[in-house]
>>> print(open('work-v9.csv').read())   # CSV, C-alpha atoms
chain,number,residue,atom,x,y,z
A,461,MET,CA,0.0,0.0,0.0
A,462,PRO,CA,1.4,3.4,-0.9
A,463,SER,CA,2.4,5.7,1.9
A,464,ARG,CA,0.7,9.0,2.6
A,465,ALA,CA,3.6,10.9,1.0
A,466,GLU,CA,3.5,8.6,-2.1
A,467,ARG,CA,-0.3,9.2,-2.5
A,468,TYR,CA,0.2,12.9,-2.3
A,469,PHE,CA,3.2,12.8,-4.8
A,470,ALA,CA,1.0,10.8,-7.2
A,471,HIS,CA,-1.7,13.5,-6.9
A,472,LEU,CA,0.8,16.2,-7.7
A,473,ASP,CA,1.7,14.2,-10.8
A,474,THR,CA,-1.9,14.4,-12.0
A,475,LEU,CA,-1.9,18.2,-11.6
A,476,THR,CA,1.3,19.0,-13.6
A,477,GLY,CA,2.3,16.1,-15.7
A,478,ALA,CA,5.9,17.3,-15.3
A,479,ASP,CA,8.8,16.0,-13.3
A,480,PRO,CA,9.7,18.2,-10.4
A,481,ARG,CA,13.0,18.9,-8.7
A,482,LEU,CA,12.7,17.9,-5.1
A,483,GLN,CA,14.4,20.1,-2.5
A,484,PRO,CA,14.3,19.0,1.2
A,485,ILE,CA,14.0,21.8,3.7
A,486,PRO,CA,15.6,20.5,6.9
A,487,SER,CA,13.2,20.2,9.8
A,488,THR,CA,13.6,22.5,12.8
A,489,HIS,CA,10.8,20.8,14.6
A,490,ASP,CA,11.4,17.8,16.9
A,491,GLY,CA,9.5,14.7,15.7
A,492,LEU,CA,8.6,16.2,12.3
A,493,ASP,CA,10.3,15.1,9.0
A,494,ASP,CA,11.8,17.6,6.6
A,495,VAL,CA,9.5,19.6,4.3
A,496,ILE,CA,9.9,18.8,0.6
A,497,ALA,CA,9.6,21.6,-1.9
A,498,PHE,CA,8.6,20.5,-5.4
A,499,VAL,CA,9.9,22.8,-8.0
A,500,TYR,CA,8.3,22.6,-11.5
A,501,ALA,CA,10.2,24.6,-14.1
A,502,ASP,CA,8.3,25.9,-17.1
A,503,GLU,CA,5.0,24.9,-15.6
A,504,PRO,CA,2.2,25.6,-16.5
A,505,GLU,CA,4.0,27.2,-19.5
A,506,PRO,CA,7.5,28.4,-20.4
A,507,ARG,CA,9.0,31.0,-18.1
A,508,TYR,CA,6.8,30.1,-15.2
A,509,VAL,CA,7.7,28.3,-12.0
A,510,THR,CA,5.2,26.3,-10.0
A,511,GLY,CA,5.9,24.9,-6.6
A,512,ALA,CA,4.2,22.7,-4.0
A,513,THR,CA,5.1,21.5,-0.5
A,514,TYR,CA,4.9,18.3,1.4
A,515,GLY,CA,5.5,18.3,5.2
A,516,LEU,CA,3.3,21.1,6.4
A,517,SER,CA,0.4,18.6,6.8
A,518,LEU,CA,2.6,16.5,9.1
A,519,ALA,CA,2.1,19.1,11.9
A,520,ASP,CA,-1.0,19.9,13.9
A,521,HIS,CA,-2.8,23.2,14.3
A,522,PRO,CA,-5.9,24.0,16.4
A,523,GLU,CA,-7.6,25.6,13.4
A,524,TRP,CA,-7.3,22.5,11.3
A,525,HIS,CA,-10.4,20.3,11.7
A,526,GLY,CA,-9.9,17.0,9.8
A,527,VAL,CA,-8.1,18.5,6.8
A,528,LYS,CA,-4.5,19.6,6.7
A,529,PRO,CA,-2.9,22.0,4.2
A,530,GLU,CA,0.0,21.9,1.8
A,531,LEU,CA,1.1,25.0,-0.1
A,532,TRP,CA,1.1,25.9,-3.9
A,533,ILE,CA,2.6,28.8,-5.9
A,534,SER,CA,2.6,29.5,-9.6
A,535,VAL,CA,4.3,32.7,-10.9
A,536,ARG,CA,5.7,34.1,-14.1
A,537,SER,CA,9.4,33.7,-13.4
A,538,ASP,CA,12.1,31.2,-14.1
A,539,ASP,CA,13.6,31.6,-10.6
A,540,PRO,CA,13.1,28.5,-8.4
A,541,THR,CA,13.4,30.6,-5.3
A,542,TRP,CA,9.6,31.2,-5.4
A,543,ALA,CA,8.9,27.5,-4.9
A,544,LEU,CA,11.7,27.2,-2.3
A,545,ALA,CA,10.2,30.1,-0.4
A,546,ILE,CA,6.9,28.4,0.2
A,547,GLY,CA,8.9,25.3,1.4
A,548,TYR,CA,10.7,27.5,3.8
A,549,LEU,CA,7.4,29.0,5.0
A,550,ALA,CA,5.8,25.6,5.5
A,551,GLU,CA,8.8,24.3,7.5
A,552,GLN,CA,9.2,27.4,9.7
A,553,LEU,CA,5.5,28.1,10.4
A,554,ARG,CA,4.0,24.6,10.6
A,555,GLY,CA,2.1,24.3,13.8
A,556,THR,CA,1.9,28.1,14.3
A,557,CYS,CA,0.3,29.5,11.2
A,558,PRO,CA,-2.9,27.9,10.0
A,559,PHE,CA,-2.5,28.9,6.3
A,560,VAL,CA,-6.2,29.6,5.9
A,561,TYR,CA,-7.6,31.7,3.1
A,562,GLY,CA,-7.1,35.4,3.9
A,563,ASP,CA,-3.9,34.8,6.0
A,564,THR,CA,-1.0,37.1,5.2
A,565,ILE,CA,2.6,36.3,5.9
A,566,ASP,CA,5.3,38.9,6.1
A,567,PHE,CA,8.5,37.2,4.6
A,568,GLY,CA,10.6,40.1,6.1
A,569,GLN,CA,12.7,40.6,2.9
A,570,PRO,CA,12.3,40.4,-0.8
A,571,ILE,CA,11.1,36.8,-1.5
A,572,ALA,CA,13.3,36.4,-4.6
A,573,PRO,CA,16.0,38.5,-6.2
A,574,ASP,CA,13.8,39.3,-9.3
A,575,SER,CA,11.0,41.0,-7.2
A,576,ALA,CA,10.4,43.7,-4.6
A,577,MET,CA,7.5,41.6,-3.1
A,578,THR,CA,8.0,40.8,0.6
A,579,ALA,CA,4.8,39.0,1.7
A,580,PHE,CA,2.3,36.3,0.8
A,581,ALA,CA,-1.4,36.1,0.8
A,582,VAL,CA,-3.2,32.7,1.2
A,583,SER,CA,-6.2,31.8,-1.0
A,584,ALA,CA,-7.4,29.1,-3.4
A,585,PRO,CA,-4.5,27.9,-5.6
A,586,ALA,CA,-4.1,29.5,-9.1
A,587,GLY,CA,-4.7,27.3,-12.1
A,588,LEU,CA,-6.4,24.5,-10.2
A,589,ASP,CA,-10.1,23.5,-10.0
A,590,ALA,CA,-11.6,22.9,-6.6
A,591,TYR,CA,-11.7,19.1,-7.1
A,592,GLN,CA,-7.9,19.2,-7.6
A,593,TYR,CA,-7.0,21.0,-4.4
A,594,THR,CA,-9.7,20.0,-1.8
A,595,LEU,CA,-10.0,16.8,0.3
A,596,ILE,CA,-7.1,14.9,-1.4
A,597,ASP,CA,-7.3,11.3,-0.1
A,598,VAL,CA,-3.8,10.4,1.2
A,599,GLY,CA,-4.9,8.0,3.9
A,600,GLY,CA,-5.6,9.6,7.3
A,601,ALA,CA,-6.5,13.3,7.4
A,602,PRO,CA,-7.0,14.5,3.8
A,603,ILE,CA,-4.9,17.3,2.4
A,604,SER,CA,-6.2,20.6,0.9
A,605,ILE,CA,-3.8,22.7,-1.1
A,606,ALA,CA,-3.6,26.4,-0.2
A,607,GLY,CA,-2.3,28.9,-2.8
A,608,CYS,CA,0.4,31.4,-1.9
A,609,TYR,CA,0.4,34.7,-3.7
A,610,PRO,CA,3.3,37.1,-3.6
A,611,VAL,CA,2.2,40.6,-2.5
A,612,HIS,CA,3.8,43.9,-1.6
A,613,ASP,CA,3.7,45.0,2.0
A,614,THR,CA,1.1,47.6,1.4
A,615,GLU,CA,-1.1,44.9,-0.1
A,616,ARG,CA,-0.5,42.7,2.9
A,617,LYS,CA,-1.8,45.5,5.1
A,618,TYR,CA,-4.7,46.1,2.8
A,619,ILE,CA,-5.7,42.5,3.0
A,620,ARG,CA,-5.5,42.6,6.8
A,621,ASP,CA,-7.7,45.7,6.9
A,622,HIS,CA,-10.2,44.9,4.1
A,623,GLY,CA,-10.0,41.1,3.6
A,624,ILE,CA,-8.9,38.8,0.8
A,625,ASP,CA,-12.1,39.2,-1.1
A,626,ALA,CA,-11.7,43.0,-1.4
A,627,PHE,CA,-8.1,42.4,-2.6
A,628,TRP,CA,-9.3,40.0,-5.3
A,629,GLN,CA,-11.6,42.7,-6.7
A,630,LEU,CA,-8.6,45.0,-7.5
A,631,ASP,CA,-7.0,45.0,-10.9
A,632,TRP,CA,-3.8,43.0,-10.6
A,633,ASP,CA,-2.1,40.1,-12.3
A,634,LEU,CA,-1.7,37.2,-9.9
A,635,TYR,CA,1.2,35.7,-11.8
A,636,ASP,CA,3.3,38.9,-12.2
A,637,VAL,CA,6.1,39.2,-9.6
A,638,HIS,CA,7.3,42.4,-11.2
A,639,ARG,CA,4.0,44.4,-10.9
A,640,ALA,CA,3.7,47.6,-9.0
A,641,PRO,CA,1.6,47.6,-5.8
A,642,VAL,CA,-2.2,48.0,-6.5
A,643,VAL,CA,-2.7,49.8,-3.2
>>> encode(input="work-v9.csv", output="structure tokens")
Amino acid sequence: MPSRAERYFAHLDTLTGADPRLQPIPSTHDGLDDVIAFVYADEPEPRYVTGATYGLSLADHPEWHGVKPELWISVRSDDPTWALAIGYLAEQLRGTCPFVYGDTIDFGQPIAPDSAMTAFAVSAPAGLDAYQYTLIDVGGAPISIAGCYPVHDTERKYIRDHGIDAFWQLDWDLYDVHRAPVV
């Protein structure tokens, strides 16, 4: 019988059809395995990078009720740092951040060298249909994939004050890591 991780990896294969580079992010949490960052170059198309995590869902959080998250990012860039950044977030914040829709996370510095963005907003993952990211059967608690969107600090503050839905109503390109702040 496939392990929980193997079932999740097989699910990711159905989402991309591409072979990822796997990058372990060493665990800083006693009793928890490393987080694995999946880096998909040129996915969903050339000059994009898509990333996913595995290992966040190995932790517990009081706001998780029967379903545990993993993270997803897809941006117009060929820099794998974007995918590695969500692996780092998953490892550092597992057990303390719930990664629920509307959460914002201050990265504290530019996320990647090709962008001035310093934060993430959490919402439904870009490029996936609901059946692809909710209640993924891996044995035990199902996984739901949460999307991470790079944002400017002013946008992070706007989301905190007005909510993620208000931010979605603004005119911005969710894949563009070079865009100017919209607020």
>>> residues_around(input="work-v9.csv", residues="stretch 569-585 of chain A", least_positions_apart="2", cutoff="6 Å", atoms="all atoms listed in the file", output="PDB file with C-alpha atoms, in the frame of the given file")
ATOM      1  CA  THR A 541      13.400  30.600  -5.300  1.00  0.00           C
ATOM      2  CA  TYR A 561      -7.600  31.700   3.100  1.00  0.00           C
ATOM      3  CA  GLY A 562      -7.100  35.400   3.900  1.00  0.00           C
ATOM      4  CA  ASP A 563      -3.900  34.800   6.000  1.00  0.00           C
ATOM      5  CA  THR A 564      -1.000  37.100   5.200  1.00  0.00           C
ATOM      6  CA  ILE A 565       2.600  36.300   5.900  1.00  0.00           C
ATOM      7  CA  ASP A 566       5.300  38.900   6.100  1.00  0.00           C
ATOM      8  CA  PHE A 567       8.500  37.200   4.600  1.00  0.00           C
ATOM      9  CA  ALA A 606      -3.600  26.400  -0.200  1.00  0.00           C
ATOM     10  CA  GLY A 607      -2.300  28.900  -2.800  1.00  0.00           C
ATOM     11  CA  CYS A 608       0.400  31.400  -1.900  1.00  0.00           C
ATOM     12  CA  TYR A 609       0.400  34.700  -3.700  1.00  0.00           C
ATOM     13  CA  PRO A 610       3.300  37.100  -3.600  1.00  0.00           C
ATOM     14  CA  VAL A 611       2.200  40.600  -2.500  1.00  0.00           C
ATOM     15  CA  HIS A 612       3.800  43.900  -1.600  1.00  0.00           C
ATOM     16  CA  VAL A 637       6.100  39.200  -9.600  1.00  0.00           C
ATOM     17  CA  HIS A 638       7.300  42.400 -11.200  1.00  0.00           C
TER      18      HIS A 638
END
>>> closest_residue(input="work-v9.csv", among="A:Val499, A:Leu531, A:Val509, A:Ala586", to="A:Leu544", atoms="all atoms listed in the file")
A:Val499
>>> closest_residue(input="work-v9.csv", among="A:Ser517, A:Ser534, A:Ser487, A:Thr614", to="A:Gln552", atoms="all atoms listed in the file")
A:Ser487
>>> atom_distance(input="work-v9.csv", atom1="atom CA of A:Glu530", atom2="atom CA of A:Trp632")
24.8 Å
>>> closest_residue(input="work-v9.csv", among="A:Ser604, A:Thr488, A:Thr594, A:Ser537", to="A:Tyr635", atoms="all atoms listed in the file")
A:Ser537
>>> closest_residue(input="work-v9.csv", among="A:Asp636, A:Asp631, A:Glu615, A:Glu551", to="A:Leu492", atoms="only C-alpha atoms")
A:Glu551
